[in-house]
file my_file.csv (CSV, C-alpha atoms)
chain,number,residue,atom,x,y,z
A,1,MET,CA,-18.1,-72.9,34.7
A,2,GLN,CA,-14.7,-73.9,35.7
A,3,SER,CA,-14.1,-75.7,32.4
A,4,ASN,CA,-15.2,-72.5,30.6
A,5,GLY,CA,-12.8,-70.4,32.6
A,6,LEU,CA,-10.0,-72.9,32.0
A,7,ALA,CA,-10.9,-73.0,28.3
A,8,ARG,CA,-10.7,-69.2,28.2
A,9,LYS,CA,-7.3,-69.2,29.9
A,10,VAL,CA,-6.0,-71.9,27.6
A,11,THR,CA,-7.3,-69.9,24.7
A,12,ALA,CA,-5.8,-66.7,25.9
A,13,ALA,CA,-2.5,-68.6,26.3
A,14,LEU,CA,-2.6,-70.0,22.8
A,15,LEU,CA,-2.7,-66.6,21.2
A,16,ILE,CA,-1.7,-65.8,17.7
A,17,THR,CA,1.9,-66.5,16.9
A,18,THR,CA,1.7,-65.8,13.3
A,19,LYS,CA,4.3,-63.6,11.6
A,20,MET,CA,3.1,-60.1,11.1
A,21,PRO,CA,4.0,-58.0,8.1
A,22,GLU,CA,7.7,-57.1,7.9
A,23,GLY,CA,8.5,-60.2,10.0
A,24,GLU,CA,7.2,-58.8,13.3
A,25,ALA,CA,6.1,-61.7,15.6
A,26,VAL,CA,2.9,-61.2,17.5
A,27,GLN,CA,3.1,-62.4,21.1
A,28,ASP,CA,-0.3,-61.4,22.3
A,29,LEU,CA,-3.2,-59.2,21.3
A,30,PRO,CA,-4.0,-56.6,23.9
A,31,LEU,CA,-6.7,-55.1,21.8
A,32,PHE,CA,-8.1,-52.5,24.1
A,33,SER,CA,-5.6,-51.6,26.8
A,34,GLY,CA,-7.1,-49.9,29.8
A,35,ALA,CA,-10.6,-51.3,29.2
A,36,GLN,CA,-11.8,-54.9,29.6
A,37,SER,CA,-9.3,-56.5,27.3
A,38,ASP,CA,-8.4,-59.7,29.1
A,39,SER,CA,-11.0,-61.9,27.4
A,40,ILE,CA,-10.2,-62.9,23.9
A,41,VAL,CA,-12.7,-65.4,22.7
A,42,GLN,CA,-11.8,-67.9,20.1
A,43,ALA,CA,-15.2,-68.2,18.6
A,44,ASP,CA,-16.0,-70.5,15.8
A,45,ARG,CA,-15.9,-67.9,13.1
A,46,ARG,CA,-16.5,-70.2,10.2
A,47,PRO,CA,-17.2,-67.6,7.6
A,48,GLU,CA,-13.7,-66.0,8.2
A,49,VAL,CA,-12.0,-69.4,8.2
A,50,ALA,CA,-13.6,-70.4,4.9
A,51,LEU,CA,-12.7,-67.0,3.4
A,52,VAL,CA,-9.1,-67.2,4.5
A,53,GLY,CA,-8.8,-70.7,3.0
A,54,ARG,CA,-10.2,-69.5,-0.3
A,55,ILE,CA,-7.9,-66.4,-0.3
A,56,VAL,CA,-4.8,-68.5,0.3
A,57,ALA,CA,-6.0,-70.6,-2.7
A,58,GLY,CA,-6.1,-67.5,-4.8
A,59,ASP,CA,-9.8,-66.6,-4.8
A,60,GLU,CA,-10.0,-62.9,-5.3
A,61,ASP,CA,-13.7,-62.8,-4.7
A,62,ALA,CA,-13.1,-64.2,-1.2
A,63,PHE,CA,-10.7,-61.4,-0.6
A,64,SER,CA,-13.3,-58.9,-1.6
A,65,GLU,CA,-15.7,-60.5,0.7
A,66,LEU,CA,-13.2,-60.4,3.6
A,67,TYR,CA,-12.6,-56.8,2.9
A,68,ARG,CA,-16.3,-55.9,3.0
A,69,MET,CA,-16.6,-57.9,6.3
A,70,PHE,CA,-13.7,-56.2,8.1
A,71,ALA,CA,-13.4,-52.8,6.4
A,72,PRO,CA,-15.7,-51.0,8.9
A,73,THR,CA,-13.7,-52.4,11.8
A,74,ILE,CA,-10.3,-51.5,10.3
A,75,ASN,CA,-11.7,-48.1,9.3
A,76,ALA,CA,-12.7,-47.4,12.9
A,77,VAL,CA,-9.3,-48.5,14.2
A,78,VAL,CA,-7.4,-46.3,11.7
A,79,LEU,CA,-9.8,-43.4,12.1
A,80,ALA,CA,-9.2,-43.4,15.9
A,81,ARG,CA,-5.6,-42.6,15.2
A,82,VAL,CA,-4.8,-40.8,11.9
A,83,PRO,CA,-6.3,-37.8,10.1
A,84,ARG,CA,-9.5,-38.5,8.1
A,85,ASP,CA,-7.8,-37.7,4.8
A,86,GLU,CA,-5.3,-40.5,5.3
A,87,VAL,CA,-7.7,-43.2,6.5
A,88,GLN,CA,-8.8,-44.5,3.2
A,89,ASP,CA,-5.2,-45.0,2.0
A,90,ILE,CA,-4.1,-46.7,5.2
A,91,VAL,CA,-7.1,-49.0,5.2
A,92,GLN,CA,-6.2,-50.1,1.7
A,93,GLU,CA,-2.6,-50.6,2.8
A,94,VAL,CA,-3.7,-52.8,5.6
A,95,PHE,CA,-5.7,-55.1,3.4
A,96,ILE,CA,-3.0,-55.3,0.8
A,97,ALA,CA,-0.5,-56.2,3.5
A,98,ALA,CA,-2.9,-58.7,4.8
A,99,TYR,CA,-3.3,-60.2,1.4
A,100,ARG,CA,0.4,-60.6,1.0
A,101,ASN,CA,0.9,-62.3,4.4
A,102,ILE,CA,-2.4,-64.2,4.9
A,103,ALA,CA,-0.7,-67.5,3.9
A,104,GLY,CA,1.3,-67.2,7.1
A,105,LEU,CA,-1.8,-66.9,9.3
A,106,LYS,CA,-1.8,-70.0,11.5
A,107,ASP,CA,-5.3,-69.6,13.0
A,108,ALA,CA,-7.9,-68.4,10.6
A,109,ASN,CA,-10.3,-67.9,13.4
A,110,LEU,CA,-8.3,-64.9,14.6
A,111,VAL,CA,-8.1,-63.1,11.3
A,112,GLY,CA,-10.0,-60.1,12.7
A,113,PRO,CA,-7.6,-59.4,15.6
A,114,TRP,CA,-4.8,-60.0,13.1
A,115,LEU,CA,-6.1,-57.4,10.8
A,116,ILE,CA,-6.6,-55.0,13.7
A,117,ARG,CA,-3.0,-55.4,14.7
A,118,ILE,CA,-1.8,-54.6,11.2
A,119,ALA,CA,-4.0,-51.5,11.2
A,120,ARG,CA,-2.6,-50.3,14.5
A,121,ASN,CA,1.0,-50.9,13.2
A,122,ARG,CA,0.3,-48.9,10.1
A,123,ALA,CA,-1.4,-46.1,12.0
A,124,ALA,CA,1.5,-46.0,14.4
A,125,GLU,CA,4.0,-45.9,11.5
A,126,PHE,CA,2.0,-43.0,9.9
A,127,TYR,CA,1.9,-41.2,13.2
A,128,ARG,CA,5.7,-41.5,13.7
A,129,ARG,CA,6.2,-39.8,10.4
A,130,PHE,CA,4.0,-36.8,11.3
A,131,ARG,CA,4.6,-36.6,15.0
A,132,ALA,CA,6.7,-33.4,14.9
A,133,SER,CA,4.2,-31.5,12.8
A,134,GLU,CA,1.0,-29.9,13.9
A,135,GLU,CA,-0.7,-30.7,10.6
A,136,LEU,CA,-2.9,-33.2,12.3
A,137,ASP,CA,-4.7,-30.6,14.4
A,138,GLU,CA,-4.9,-28.2,11.5
A,139,GLN,CA,-6.5,-30.7,9.2
A,140,MET,CA,-9.1,-31.3,11.8
A,141,SER,CA,-10.0,-27.7,12.3
A,142,ARG,CA,-10.4,-26.7,8.6
A,143,PRO,CA,-13.9,-28.1,7.9
A,144,GLN,CA,-16.8,-25.7,8.4
A,145,GLY,CA,-20.5,-26.2,9.3
A,146,LYS,CA,-21.6,-29.7,9.9
A,147,SER,CA,-18.2,-31.1,9.1
A,148,SER,CA,-16.6,-28.9,11.8
A,149,GLU,CA,-19.1,-30.3,14.3
A,150,ALA,CA,-18.3,-33.8,13.2
A,151,ALA,CA,-14.6,-33.1,13.4
A,152,GLU,CA,-15.0,-31.8,16.9
A,153,ILE,CA,-16.9,-34.9,18.0
A,154,LEU,CA,-14.3,-37.1,16.4
A,155,LYS,CA,-11.6,-35.2,18.1
A,156,ALA,CA,-13.3,-35.7,21.4
A,157,ILE,CA,-13.7,-39.4,20.8
A,158,ARG,CA,-10.0,-39.7,19.9
A,159,ALA,CA,-9.1,-38.0,23.2
A,160,LEU,CA,-10.8,-40.7,25.2
A,161,GLY,CA,-7.9,-43.1,24.3
A,162,SER,CA,-7.8,-46.1,21.9
A,163,SER,CA,-9.6,-48.3,24.4
A,164,TYR,CA,-12.9,-46.5,24.1
A,165,SER,CA,-12.4,-44.6,20.8
A,166,GLU,CA,-12.2,-47.6,18.6
A,167,THR,CA,-15.3,-49.2,20.1
A,168,LEU,CA,-17.2,-45.9,19.9
A,169,ILE,CA,-16.2,-45.2,16.3
A,170,MET,CA,-17.3,-48.7,15.4
A,171,ARG,CA,-20.6,-48.1,16.9
A,172,LEU,CA,-21.3,-44.5,16.1
A,173,VAL,CA,-19.5,-44.2,12.7
A,174,GLU,CA,-19.9,-47.6,11.2
A,175,GLY,CA,-23.2,-48.5,13.0
A,176,MET,CA,-22.0,-51.8,14.3
A,177,THR,CA,-23.8,-53.5,17.2
A,178,ALA,CA,-22.0,-54.7,20.2
A,179,LYS,CA,-22.4,-58.3,19.0
A,180,GLU,CA,-20.8,-57.4,15.6
A,181,ILE,CA,-18.0,-55.5,17.3
A,182,ALA,CA,-17.3,-58.5,19.5
A,183,GLU,CA,-17.3,-60.9,16.5
A,184,ARG,CA,-14.9,-58.7,14.6
A,185,THR,CA,-12.5,-57.8,17.3
A,186,GLY,CA,-12.5,-61.0,19.3
A,187,LEU,CA,-13.7,-59.5,22.5
A,188,LYS,CA,-16.5,-60.8,24.7
A,189,PRO,CA,-19.8,-59.0,24.1
A,190,GLU,CA,-19.9,-58.0,27.7
A,191,SER,CA,-16.5,-56.3,27.4
A,192,VAL,CA,-17.7,-54.5,24.4
A,193,ARG,CA,-20.8,-53.3,26.2
A,194,VAL,CA,-18.7,-52.0,29.1
A,195,ASN,CA,-16.4,-50.1,26.7
A,196,LEU,CA,-19.4,-48.6,24.9
A,197,HIS,CA,-21.1,-47.6,28.0
A,198,ARG,CA,-18.1,-46.0,29.7
A,199,GLY,CA,-16.9,-44.5,26.5
A,200,MET,CA,-20.3,-42.8,25.9
A,201,GLU,CA,-20.3,-41.5,29.5
A,202,LYS,CA,-16.9,-40.0,29.0
A,203,LEU,CA,-17.8,-38.6,25.6
A,204,ARG,CA,-20.9,-36.9,27.0
A,205,GLU,CA,-18.8,-35.4,29.7
A,206,SER,CA,-16.2,-34.1,27.3
A,207,LEU,CA,-18.7,-32.7,24.9
A,208,GLY,CA,-20.7,-31.2,27.7
A,209,VAL,CA,-17.7,-29.4,29.0
A,210,LYS,CA,-16.8,-28.1,25.6
A,211,ARG,CA,-20.3,-26.8,25.0
A,212,LYS,CA,-20.2,-25.0,28.4
A,213,LYS,CA,-17.0,-23.4,27.3
B,214,MET,CA,-29.2,-42.8,27.6
B,215,ASN,CA,-30.9,-45.8,26.1
B,216,SER,CA,-28.3,-48.6,26.6
B,217,GLU,CA,-30.2,-51.0,24.4
B,218,TYR,CA,-30.1,-48.6,21.6
B,219,LEU,CA,-26.4,-48.1,22.2
B,220,PHE,CA,-25.6,-51.8,22.3
B,221,ASP,CA,-28.0,-53.3,19.8
B,222,LYS,CA,-29.8,-50.4,18.1
B,223,GLN,CA,-33.1,-51.4,19.8
B,224,GLY,CA,-35.4,-48.5,20.5
B,225,SER,CA,-34.1,-45.0,20.1
B,226,ASP,CA,-31.9,-42.4,21.7
B,227,VAL,CA,-31.9,-38.8,20.5
B,228,GLU,CA,-28.4,-38.0,21.6
B,229,ILE,CA,-26.8,-41.1,20.1
B,230,GLU,CA,-28.8,-40.7,16.9
B,231,ARG,CA,-27.5,-37.1,16.6
B,232,LEU,CA,-23.9,-38.3,17.1
B,233,GLU,CA,-24.5,-40.9,14.4
B,234,GLY,CA,-25.8,-38.3,12.1
B,235,PHE,CA,-22.7,-36.1,12.5
B,236,LEU,CA,-20.2,-39.0,12.3
B,237,SER,CA,-21.7,-40.8,9.4
B,238,GLU,CA,-19.5,-38.9,6.9
B,239,PHE,CA,-16.5,-40.8,8.3
B,240,ARG,CA,-18.1,-44.1,7.4
B,241,ILE,CA,-16.0,-46.1,4.9
B,242,ARG,CA,-17.2,-46.9,1.5
B,243,PRO,CA,-16.0,-50.4,1.0
B,244,VAL,CA,-14.2,-50.6,-2.3
B,245,PRO,CA,-11.8,-53.5,-2.2
B,246,PRO,CA,-8.3,-52.7,-3.4
B,247,SER,CA,-7.4,-54.0,-6.9
B,248,LEU,CA,-5.3,-57.1,-6.6
B,249,SER,CA,-4.1,-57.3,-10.2
B,250,MET,CA,-1.9,-54.3,-9.6
B,251,GLU,CA,-1.0,-55.7,-6.2
B,252,LYS,CA,0.1,-59.0,-7.8
B,253,THR,CA,2.2,-57.1,-10.3
B,254,GLU,CA,3.7,-54.9,-7.6
B,255,TYR,CA,4.3,-57.9,-5.4
B,256,ARG,CA,6.2,-59.7,-8.1
B,257,LEU,CA,8.1,-56.5,-8.8
B,258,SER,CA,8.8,-56.0,-5.1
B,259,ILE,CA,10.2,-59.5,-4.9
B,260,PHE,CA,12.4,-58.8,-7.9
B,261,SER,CA,13.6,-55.5,-6.5
B,262,ARG,CA,14.2,-57.0,-3.1
B,263,TYR,CA,16.4,-59.7,-4.5
B,264,LYS,CA,17.8,-57.7,-7.4
B,265,LEU,CA,21.3,-57.9,-6.1
B,266,ALA,CA,21.1,-61.6,-5.5
B,267,PHE,CA,19.7,-62.1,-9.1
B,268,ALA,CA,22.5,-60.0,-10.5
B,269,LEU,CA,25.2,-61.8,-8.6
B,270,SER,CA,23.8,-65.2,-9.6
B,271,PHE,CA,23.6,-64.2,-13.2
B,272,ALA,CA,27.1,-62.8,-13.2
B,273,SER,CA,28.5,-65.9,-11.6
B,274,LEU,CA,26.7,-68.2,-14.1
B,275,LEU,CA,28.1,-66.1,-16.9
B,276,VAL,CA,31.6,-66.3,-15.6
B,277,ALA,CA,31.3,-70.0,-15.1
B,278,PHE,CA,29.9,-70.5,-18.6
B,279,LEU,CA,32.8,-68.5,-20.1
B,280,ALA,CA,35.4,-70.3,-18.1
B,281,ALA,CA,33.9,-73.6,-19.2
B,282,GLY,CA,33.9,-72.5,-22.8
B,283,VAL,CA,37.5,-71.4,-22.6
B,284,LEU,CA,38.5,-74.7,-21.0
B,285,VAL,CA,36.6,-76.8,-23.6
B,286,THR,CA,38.2,-74.7,-26.4
B,287,ARG,CA,41.7,-75.3,-25.0
B,288,LEU,CA,41.0,-79.0,-24.7
B,289,MET,CA,39.8,-79.2,-28.2
B,290,GLN,CA,42.9,-77.5,-29.6
B,291,PRO,CA,45.8,-79.9,-30.3
B,292,GLN,CA,48.9,-79.0,-28.4
B,293,THR,CA,52.2,-79.8,-30.0
B,294,PRO,CA,55.2,-80.5,-27.7
B,295,ASP,CA,58.6,-78.9,-28.0
B,296,ARG,CA,61.4,-80.7,-29.6
B,297,VAL,CA,59.7,-83.9,-30.0
B,298,GLU,CA,58.3,-84.9,-33.3
B,299,LEU,CA,55.6,-87.3,-33.4
B,300,ASP,CA,53.2,-88.2,-36.0
B,301,ASN,CA,50.1,-89.9,-35.0
B,302,ARG,CA,49.8,-91.8,-38.1
B,303,VAL,CA,52.0,-92.6,-41.0
B,304,ILE,CA,51.2,-94.6,-44.0
B,305,THR,CA,54.3,-96.0,-45.5
B,306,PRO,CA,54.3,-97.6,-48.9
B,307,GLU,CA,57.0,-100.0,-48.0
B,308,PRO,CA,59.2,-100.9,-45.0
B,309,THR,CA,62.6,-99.4,-44.7
B,310,ASN,CA,65.9,-100.8,-43.5
B,311,ASP,CA,66.7,-98.0,-41.2
B,312,HIS,CA,66.0,-99.5,-37.8
B,313,SER,CA,67.8,-96.9,-35.7
B,314,PHE,CA,64.7,-94.8,-35.4
B,315,ILE,CA,61.9,-96.9,-36.3
B,316,ASP,CA,61.1,-100.4,-35.3
B,317,PRO,CA,60.4,-102.7,-38.1
B,318,PRO,CA,56.7,-102.7,-39.0
B,319,PRO,CA,54.7,-105.8,-38.3
B,320,VAL,CA,55.2,-108.5,-40.7
B,321,ASP,CA,51.7,-108.7,-41.8
B,322,ALA,CA,51.3,-105.0,-42.4
B,323,THR,CA,50.4,-104.2,-45.9
B,324,LYS,CA,52.4,-101.9,-48.1
B,325,LEU,CA,49.9,-99.1,-48.4
B,326,THR,CA,48.0,-99.1,-45.1
B,327,ARG,CA,50.2,-99.4,-42.1
B,328,ILE,CA,50.4,-97.7,-38.9
B,329,VAL,CA,53.9,-97.7,-37.6
B,330,GLU,CA,55.3,-96.7,-34.3
B,331,ARG,CA,57.3,-93.6,-33.8
B,332,SER,CA,60.1,-92.9,-31.3
B,333,ALA,CA,61.5,-89.6,-30.4
B,334,LYS,CA,64.4,-88.4,-32.5
B,335,ILE,CA,67.4,-88.5,-30.3
B,336,THR,CA,70.4,-86.5,-31.1
B,337,HIS,CA,73.8,-86.9,-29.5
B,338,SER,CA,73.8,-83.6,-27.6
B,339,PRO,CA,74.6,-83.9,-23.9
B,340,ARG,CA,71.2,-82.7,-23.0
B,341,ARG,CA,69.5,-85.1,-25.3
B,342,VAL,CA,71.7,-87.9,-24.2
B,343,ARG,CA,70.5,-87.3,-20.7
B,344,ARG,CA,67.1,-87.2,-22.0
B,345,ALA,CA,67.7,-90.5,-23.8
B,346,GLN,CA,68.6,-92.0,-20.5
B,347,ALA,CA,65.2,-91.1,-19.3
B,348,PRO,CA,62.4,-93.3,-20.3
B,349,THR,CA,62.1,-93.1,-24.0
B,350,VAL,CA,59.0,-92.1,-25.7
B,351,THR,CA,58.7,-95.1,-27.8
B,352,GLU,CA,55.3,-96.1,-28.8
B,353,THR,CA,55.0,-99.6,-29.7
B,354,ALA,CA,51.8,-100.1,-31.6
B,355,LYS,CA,51.5,-103.7,-30.6
B,356,ASP,CA,48.0,-103.9,-31.7
B,357,GLY,CA,46.6,-100.6,-32.9
B,358,SER,CA,43.2,-102.0,-33.3
B,359,HIS,CA,42.1,-101.3,-29.7
B,360,LEU,CA,42.9,-97.6,-29.9
B,361,THR,CA,41.4,-95.2,-32.4
B,362,PRO,CA,43.9,-92.9,-34.0
B,363,GLU,CA,42.6,-90.0,-31.9
B,364,GLU,CA,43.1,-92.0,-28.7
B,365,LEU,CA,46.5,-93.1,-29.8
B,366,TYR,CA,47.5,-89.6,-30.5
B,367,ALA,CA,46.2,-88.4,-27.2
B,368,TYR,CA,48.1,-91.2,-25.5
B,369,GLN,CA,51.3,-90.3,-27.2
B,370,LYS,CA,50.8,-86.6,-26.3
B,371,LEU,CA,50.4,-87.6,-22.7
B,372,LYS,CA,53.5,-89.7,-22.6
B,373,VAL,CA,55.4,-86.9,-24.2
B,374,ALA,CA,54.2,-84.5,-21.6
B,375,LEU,CA,55.1,-86.8,-18.8
B,376,PHE,CA,58.5,-87.3,-20.4
B,377,LEU,CA,59.1,-83.6,-20.6
B,378,ALA,CA,58.1,-83.1,-17.0
B,379,GLY,CA,60.4,-85.9,-15.9
B,380,SER,CA,63.3,-84.5,-17.9
B,381,LYS,CA,62.9,-81.1,-16.5
B,382,MET,CA,62.8,-82.5,-13.0
B,383,LYS,CA,65.9,-84.4,-13.9
B,384,ILE,CA,67.6,-81.2,-14.9
B,385,VAL,CA,66.7,-79.6,-11.7
B,386,GLN,CA,67.9,-82.6,-9.8
B,387,ASP,CA,71.2,-82.5,-11.7
B,388,THR,CA,71.6,-78.8,-11.0
B,389,ILE,CA,71.1,-79.4,-7.3
B,390,ASP,CA,73.5,-82.3,-7.4
B,391,GLN,CA,76.1,-80.2,-9.1
B,392,VAL,CA,75.7,-77.4,-6.6
B,393,ASP,CA,76.1,-79.9,-3.8
B,394,ASP,CA,79.3,-81.3,-5.5
B,395,ASP,CA,80.7,-77.8,-5.8
B,396,GLN,CA,80.0,-77.1,-2.2
B,397,LYS,CA,81.7,-80.3,-1.2
B,398,LYS,CA,84.7,-79.5,-3.3
B,399,GLY,CA,84.8,-76.0,-1.8
B,400,LYS,CA,84.9,-77.5,1.6
B,401,LEU,CA,87.5,-80.0,0.8
B,402,ASN,CA,89.8,-77.3,-0.7
B,403,ARG,CA,89.6,-75.4,2.5
call {"tool": "encode", "arguments": {"input": "my_file.csv", "output": "structure tokens"}}
result
Amino acid sequence: MQSNGLARKVTAALLITTKMPEGEAVQDLPLFSGAQSDSIVQADRRPEVALVGRIVAGDEDAFSELYRMFAPTINAVVLARVPRDEVQDIVQEVFIAAYRNIAGLKDANLVGPWLIRIARNRAAEFYRRFRASEELDEQMSRPQGKSSEAAEILKAIRALGSSYSETLIMRLVEGMTAKEIAERTGLKPESVRVNLHRGMEKLRESLGVKRKK
Amino acid sequence: MNSEYLFDKQGSDVEIERLEGFLSEFRIRPVPPSLSMEKTEYRLSIFSRYKLAFALSFASLLVAFLAAGVLVTRLMQPQTPDRVELDNRVITPEPTNDHSFIDPPPVDATKLTRIVERSAKITHSPRRVRRAQAPTVTETAKDGSHLTPEELYAYQKLKVALFLAGSKMKIVQDTIDQVDDDQKKGKLNR
């Protein structure tokens, strides 16, 4: 047990130091701030490692495969932050940026957290451009019927904060299990479960309050 | 709430299933981006990023090429010196008795094919007398076989150039000396 704890600490200390797009250096990966985010597991993700190697060698099919593997995760991360109409474009930008810079990825095991970091940066960049306008809220309120209900639920999920919203969107929108979420994001399965459980509780409270209103 | 369904989709939970139904429209349809365009754009972006560097490099190469071309052209053109007449090669049918300007040709030179030396024509003008005091440009073709005519010509040109430079320096030196003499005379007269 002590060796496992020591291994986790060493792993957490040896975080990604690859160069991010636009030359930004990554010092650590606080994936889900506020929630249980202190346990990044360096699992032996061999499929990703092999894919990264093939992509660096120029295999486009490997890139497509990587895209299919991580697109739901990246979609959830982006959807938690930007309007739905912009999500598809930003997800594409994320993977294109990843394709350009993947040769600089030092640890292929951590390609998932690396992609998530790119997605957050892109979303933040988009948000900075539209921060002054209220178009974000207007876009969310335009749909009618079922879409309006979905928009309200999504809005409530976003209001929970990125710590819970990303995990909930991965589960409720993309249909990923806790194990799959842990594998893609690099979190422990236990941490993911806690985030899901607490997130759902908060979401129910939020939706319940809105329905009473 | 059925936690097992929430975590691993085991069993069922009405509320969670309802939420999944509403939110499924936000699910991504995984269509990978086209990389052929991306590769073209990436190549273009590299070019656009370093466009200025490419332009400057090309311009500097062009200037260097032009300068080299001008230099080579100038070196290729023969340059004739002032006031000194030199012929690189003269074929004399027979030897002459005028030894004031031309050294006698080698004994074994034939009548028709002979390369004779040339010396600078020196007049008796003061300036040319001073020049005559300088090392003369007398080329003695002791054995012209070790130099080709072009090399001999280039050698003679070089010596002429050195002679001219030396003579001009001599003129400057004389001028300075004359000035000094005048100054000394001026001081003595006082």
call {"tool": "closest_residue", "arguments": {"input": "my_file.csv", "among": "A:Val49, A:Leu154, A:Ala98, A:Leu187", "to": "Phe239 of chain B", "atoms": "only C-alpha atoms"}}
result
A:Leu154
call {"tool": "closest_atom_pairs", "arguments": {"input": "my_file.csv", "of": "chain B", "to": "chain A", "cutoff": "7 Å", "atoms": "only C-alpha atoms", "output": "CSV"}}
result
residue,atom,partner,partner_atom,distance
B:Phe220,CA,A:Ala178,CA,5.1
B:Asp221,CA,A:Thr177,CA,4.9
B:Lys222,CA,A:Thr177,CA,6.8
B:Leu232,CA,A:Leu172,CA,6.8
B:Glu233,CA,A:Leu172,CA,5.1
B:Phe235,CA,A:Ala150,CA,5.0
B:Leu236,CA,A:Val173,CA,5.3
B:Ser237,CA,A:Val173,CA,5.2
B:Phe239,CA,A:Val173,CA,6.3
B:Arg240,CA,A:Glu174,CA,5.5
B:Ile241,CA,A:Pro72,CA,6.3
B:Pro243,CA,A:Arg68,CA,5.9
B:Pro245,CA,A:Ser64,CA,5.6
B:Pro246,CA,A:Gln92,CA,6.1
call {"tool": "atom_distance", "arguments": {"input": "my_file.csv", "atom1": "atom CA of Ser163 of chain A", "atom2": "atom CA of Glu205 of chain A"}}
result
16.7 Å
call {"tool": "atom_distance", "arguments": {"input": "my_file.csv", "atom1": "atom CA of Ser162 of chain A", "atom2": "atom CA of Val77 of chain A"}}
result
8.2 Å
call {"tool": "residues_near_point", "arguments": {"input": "my_file.csv", "point": "(-9.4, -62.6, 9.1)", "cutoff": "12 Å", "atoms": "all atoms listed in the file", "output": "number ranges by chain"}}
result
A: 16, 45-56, 62-71, 73-74, 94-95, 98-99, 101-118, 183-186
call {"tool": "atom_distance", "arguments": {"input": "my_file.csv", "atom1": "atom CA of Glu86 of chain A", "atom2": "atom CA of Arg122 of chain A"}}
result
11.2 Å
